[in-house]
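Working notes, structure below.
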Amino acid sequence: MGRSRASIRRLDQVSAQRAAAASAVADGKTMLTPPAPWSAPTLQPLLSRHCVHAWLVHLDQPCEVLNHLSLTLSPDERERADRYRFARDRACFITGRGTLRCILARYIGCRPGDLGFSYGPQGRPELDERTEHKWVHFNVSHSGAFALYGVAWDRRIGVDLECVRGIPEALSIARHFFSPSEYRALLTATPEKRQSQFFWYWTRKEAFLKATGDGLAHPLRNVEILNGPGDSARLLVSNGQKTDEAGWSLGRVVPPEGYEAALVVEGRNIGTEMFLWDYTGRFS
Ligand SMILES: CC(C)(COP(=O)(O)OP(=O)(O)OC[C@H]1O[C@@H](n2cnc3c(N)ncnc32)[C@H](O)[C@@H]1OP(=O)(O)O)[C@@H](O)C(=O)NCCC(=O)NCCS
């Protein structure tokens, strides 16, 4: 997966911050302030009906954090971790699932290891019957060095994160899987802009399909994004049915440099708060 120099520089800065933060924790000092617009969350973040939360997690965590996170996993999650052939993939899964547990546990007020998940017909994870607070809805995406989570109170939510990279077959994918107007927009874009525009459309379409739980089992072509990047985007869904009628909207989520991200939520006029997860010395 190719990364731009700017993105590598940014990741280096994040790694340097992380190393400083880890030693600050070890020294019992307070954490660094995360870069705007991502803020440090409180230990008990409050969800309201009118605002959803986006969480960004760096998947490259120190060994000591990884070991602690792996203790929060259920037996089936540990089995899944063990099935990864490469240590890096295994570590990303443990960090991703472990931090998801830690984050959800903050809303519910339980221990991360007490949460149980069930899976929808297309594989979408949800909190299971054993968890008292079924009103906490969430969705997960990971790409490159980051994971993105969306959390909402009693409304469906979907997120998608993609590391922007060269896709030589972008136009051919768009011809088959994007709507005619999206394909036209890509055709007329300059080659430099086409790559980022492709991911701009892709993330918004996939976030919607993840919010419904269908995933890519539903034709991407039937989910249409109105207006290209730079305009205030609107989402048109299945066969041209207007978002206003279908009741879905795009939330605001700012991706890390070199990435594209999208958040789709059920309902209208919903705000988004963005939090950067970091190990605070405790896992709830
Ligand atoms: C969901 C899907 C779009 C993921 O795409 P991706 O770009 O590879 O991966 P992302 O990082 O964005 O998302 C992966 C996460 O989405 C979540 N997810 C899985 N299936 C999902 C679904 N149907 N709807 C919403 N979210 C889903 C999971 O949390 C997963 O992460 P995890 O396995 O670590 O928990 C794709 O796998 C898909 O379309 N799946 C459904 C169709 C399918 O294959 N069904 C098989 C029957 S199980």
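Order determines the names: the first chain of the structure tokens is A, the second B, and so forth; residues in each chain are numbered 1 upward, and ligands are numbered 1 upward as they are shown.
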
Q) Please, which residues have at least one atom within 9 Å of an atom of ligand 1, using only C-alpha atoms and all ligand atoms, listed as an MDAnalysis selection string? A) chainID A and resid 92:94 96:97 100 119:126 138:143 147:149 157:162 203 206:218

Would you pick out the contacts of Gly116 in chain A at 12 Å or less, using only C-alpha atoms, so that residues sharing its chain but fewer than 2 positions from it are not included, and give the list as an mmCIF file with C-alpha atoms, in the first residue's frame?
```cif
data_model
loop_
_atom_site.group_PDB
_atom_site.id
_atom_site.type_symbol
_atom_site.label_atom_id
_atom_site.label_comp_id
_atom_site.auth_asym_id
_atom_site.auth_seq_id
_atom_site.Cartn_x
_atom_site.Cartn_y
_atom_site.Cartn_z
ATOM 1 C CA THR A 72 -10.349 -7.720 26.974
ATOM 2 C CA LEU A 73 -11.111 -10.046 24.020
ATOM 3 C CA SER A 74 -13.577 -12.939 24.136
ATOM 4 C CA PRO A 75 -12.388 -16.506 23.372
ATOM 5 C CA ASP A 76 -13.760 -16.361 19.798
ATOM 6 C CA GLU A 77 -12.019 -13.017 19.206
ATOM 7 C CA ARG A 97 -11.373 -4.897 18.676
ATOM 8 C CA LEU A 100 -13.748 -0.792 20.357
ATOM 9 C CA ARG A 101 -14.574 -2.667 23.570
ATOM 10 C CA LEU A 104 -18.231 1.143 24.053
ATOM 11 C CA ALA A 105 -17.669 0.238 27.714
ATOM 12 C CA CYS A 110 -19.145 -1.750 32.243
ATOM 13 C CA ARG A 111 -15.790 -3.486 31.829
ATOM 14 C CA PRO A 112 -14.611 -3.862 28.195
ATOM 15 C CA GLY A 113 -14.421 -7.656 28.576
ATOM 16 C CA ASP A 114 -18.075 -7.837 29.690
ATOM 17 C CA SER A 118 -23.713 -10.699 17.766
ATOM 18 C CA TYR A 119 -23.498 -10.531 13.975
ATOM 19 C CA PRO A 125 -21.384 -6.650 14.565
ATOM 20 C CA GLU A 126 -23.842 -5.306 17.157
ATOM 21 C CA LEU A 127 -24.072 -5.420 20.935
ATOM 22 C CA ASP A 128 -25.811 -8.663 21.813
ATOM 23 C CA GLU A 129 -28.787 -9.451 24.032
ATOM 24 C CA ARG A 130 -26.594 -9.823 27.114
ATOM 25 C CA THR A 131 -25.660 -6.148 26.903
ATOM 26 C CA GLU A 132 -28.233 -4.011 28.674
ATOM 27 C CA HIS A 133 -27.751 -0.925 26.524
ATOM 28 C CA LYS A 134 -28.887 -2.048 23.095
#
```

(Q) To test your reading of the structure, identify every residue in range 33-282 of chain A that backbone DSSP assigns to strand (DSSP E), and report it as a ChimeraX atom specification. (A) /A:51-58,117-119,125-127,136-143,146-153,157-163,224-226,234-237,241-242,248-251,259-266,271-276

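Interatomic distance, CA of Ser249 in chain A to CA of His58 in chain A: 26.5 Å.
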
Q: Do a neighbour search on Val237 in chain A at 12 Å with only C-alpha atoms, toss out local chain neighbours closer than 6 positions, and write the hits as a list in words.
A: Ser179, Arg204, Lys205, Glu206, Ala207, Phe208, Leu209, Thr212, His218, Pro219, Leu220, Arg221, Asn222, Val223, Glu224, Ile225, Leu226, Thr243, Asp244, Glu245, Ala246, Gly247, Trp248, Ser249, Leu250 and Val264 of chain A

Q: With a distance cut-off of 7 Å and only C-alpha atoms, select the neighbouring residues of Val136 in chain A, excluding the residue or stretch itself and same-chain residues fewer than 3 positions from it, and output the selection as JSON, numbers by chain.
A: {"A": [133, 151, 152, 153, 154]}

Shell of 12 Å around Asn227 in chain A, only C-alpha atoms, local chain residues under 4 positions omitted, as a short mmCIF file (atom, residue, chain, number, x, y, z; two decimals) with N, CA and C atoms, in the first residue's frame:
```cif
data_model
loop_
_atom_site.label_atom_id
_atom_site.label_comp_id
_atom_site.auth_asym_id
_atom_site.auth_seq_id
_atom_site.Cartn_x
_atom_site.Cartn_y
_atom_site.Cartn_z
N SER A 181 -23.88 9.82 -12.93
CA SER A 181 -23.39 11.19 -12.68
C SER A 181 -22.05 11.15 -11.92
N GLU A 182 -21.88 10.19 -11.03
CA GLU A 182 -20.59 10.07 -10.31
C GLU A 182 -19.49 9.68 -11.30
N ARG A 184 -19.43 10.32 -14.49
CA ARG A 184 -19.13 11.49 -15.32
C ARG A 184 -18.20 12.45 -14.58
N ALA A 185 -18.45 12.64 -13.27
CA ALA A 185 -17.62 13.57 -12.48
C ALA A 185 -16.17 13.08 -12.44
N LEU A 186 -15.99 11.78 -12.34
CA LEU A 186 -14.62 11.23 -12.31
C LEU A 186 -13.95 11.35 -13.67
N GLN A 197 -10.90 11.96 -5.51
CA GLN A 197 -12.35 12.03 -5.74
C GLN A 197 -12.97 10.62 -5.72
N TRP A 200 -13.37 9.73 -2.23
CA TRP A 200 -14.41 10.59 -1.64
C TRP A 200 -15.79 9.95 -1.87
N TYR A 201 -16.04 9.56 -3.13
CA TYR A 201 -17.32 8.90 -3.43
C TYR A 201 -17.41 7.55 -2.75
N ARG A 204 -18.23 7.47 1.03
CA ARG A 204 -19.61 7.88 1.36
C ARG A 204 -20.62 6.79 0.99
N ASP A 231 -18.38 20.76 -2.44
CA ASP A 231 -19.75 21.23 -2.22
C ASP A 231 -20.29 20.55 -0.97
N SER A 232 -21.42 21.05 -0.48
CA SER A 232 -21.97 20.31 0.66
C SER A 232 -22.70 19.10 0.08
N ALA A 233 -22.18 17.93 0.41
CA ALA A 233 -22.68 16.71 -0.23
C ALA A 233 -24.02 16.29 0.32
N ARG A 234 -24.82 15.69 -0.53
CA ARG A 234 -26.05 15.06 -0.08
C ARG A 234 -26.06 13.63 -0.57
N LEU A 235 -26.80 12.85 0.14
CA LEU A 235 -26.82 11.42 -0.17
C LEU A 235 -28.17 11.08 -0.79
N LEU A 236 -28.14 10.48 -1.96
CA LEU A 236 -29.37 9.96 -2.55
C LEU A 236 -29.29 8.46 -2.42
#
```

Q: Please return as a PyMOL selection string: the residues of range 166-254 of chain A that backbone DSSP assigns to alpha helix (DSSP H).
A: chain A and resi 170-177+180-188+191-212+243-246

Given the selection you just returned, output its residues as a file containing C-alpha atoms, formatted as a PDB file, in the first residue's frame.
```pdb
ATOM      1  CA  ALA A 170     -10.548   3.595 -10.776  1.00  0.00           C
ATOM      2  CA  LEU A 171     -12.472   4.602 -13.911  1.00  0.00           C
ATOM      3  CA  SER A 172     -13.418   1.053 -14.759  1.00  0.00           C
ATOM      4  CA  ILE A 173     -14.622   0.413 -11.173  1.00  0.00           C
ATOM      5  CA  ALA A 174     -16.598   3.652 -11.317  1.00  0.00           C
ATOM      6  CA  ARG A 175     -18.176   2.701 -14.646  1.00  0.00           C
ATOM      7  CA  HIS A 176     -19.517  -0.524 -13.136  1.00  0.00           C
ATOM      8  CA  PHE A 177     -20.270   0.455  -9.553  1.00  0.00           C
ATOM      9  CA  PRO A 180     -23.815   7.671 -14.149  1.00  0.00           C
ATOM     10  CA  SER A 181     -23.387  11.190 -12.682  1.00  0.00           C
ATOM     11  CA  GLU A 182     -20.592  10.071 -10.310  1.00  0.00           C
ATOM     12  CA  TYR A 183     -18.825   8.330 -13.199  1.00  0.00           C
ATOM     13  CA  ARG A 184     -19.126  11.492 -15.319  1.00  0.00           C
ATOM     14  CA  ALA A 185     -17.623  13.570 -12.476  1.00  0.00           C
ATOM     15  CA  LEU A 186     -14.621  11.232 -12.307  1.00  0.00           C
ATOM     16  CA  LEU A 187     -14.207  11.200 -16.090  1.00  0.00           C
ATOM     17  CA  THR A 188     -13.960  14.992 -16.207  1.00  0.00           C
ATOM     18  CA  PRO A 191      -5.811  12.608 -13.211  1.00  0.00           C
ATOM     19  CA  GLU A 192      -4.355  14.197 -10.016  1.00  0.00           C
ATOM     20  CA  LYS A 193      -7.806  14.900  -8.586  1.00  0.00           C
ATOM     21  CA  ARG A 194      -9.382  11.646  -9.773  1.00  0.00           C
ATOM     22  CA  GLN A 195      -7.685   9.501  -7.125  1.00  0.00           C
ATOM     23  CA  SER A 196      -8.938  11.531  -4.139  1.00  0.00           C
ATOM     24  CA  GLN A 197     -12.349  12.026  -5.741  1.00  0.00           C
ATOM     25  CA  PHE A 198     -12.703   8.275  -6.261  1.00  0.00           C
ATOM     26  CA  PHE A 199     -12.163   7.657  -2.522  1.00  0.00           C
ATOM     27  CA  TRP A 200     -14.410  10.591  -1.637  1.00  0.00           C
ATOM     28  CA  TYR A 201     -17.322   8.905  -3.428  1.00  0.00           C
ATOM     29  CA  TRP A 202     -16.362   5.375  -2.367  1.00  0.00           C
ATOM     30  CA  THR A 203     -16.233   6.128   1.367  1.00  0.00           C
ATOM     31  CA  ARG A 204     -19.611   7.881   1.364  1.00  0.00           C
ATOM     32  CA  LYS A 205     -21.312   5.086  -0.552  1.00  0.00           C
ATOM     33  CA  GLU A 206     -19.750   2.357   1.588  1.00  0.00           C
ATOM     34  CA  ALA A 207     -20.549   4.191   4.853  1.00  0.00           C
ATOM     35  CA  PHE A 208     -24.224   4.209   3.825  1.00  0.00           C
ATOM     36  CA  LEU A 209     -24.216   0.498   2.994  1.00  0.00           C
ATOM     37  CA  LYS A 210     -22.534  -0.220   6.325  1.00  0.00           C
ATOM     38  CA  ALA A 211     -25.152   1.866   8.147  1.00  0.00           C
ATOM     39  CA  THR A 212     -27.939  -0.275   6.672  1.00  0.00           C
ATOM     40  CA  THR A 243     -32.417  11.158   1.468  1.00  0.00           C
ATOM     41  CA  ASP A 244     -35.019  13.491   2.970  1.00  0.00           C
ATOM     42  CA  GLU A 245     -37.625  10.803   2.359  1.00  0.00           C
ATOM     43  CA  ALA A 246     -35.349   7.943   3.331  1.00  0.00           C
TER      44      ALA A 246
END
```

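Here the question is which of A:Arg85, A:Cys102, A:Arg49, A:Leu276 gets nearest to Leu71 in chain A using only C-alpha atoms, and that residue is A:Cys102.
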
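The closest residue to Ile270 in chain A, picked from A:Arg165, A:His68, A:Arg83, A:Arg155 and counting only C-alpha atoms, is A:Arg155.
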
Q: Determine, counting only C-alpha atoms, which protein, DNA and RNA residues have an atom within 8 Å of an atom of Phe146 in chain A; residues of the same chain fewer than 6 positions away are not included. Present the result as a ChimeraX atom specification.
A: /A:56-59
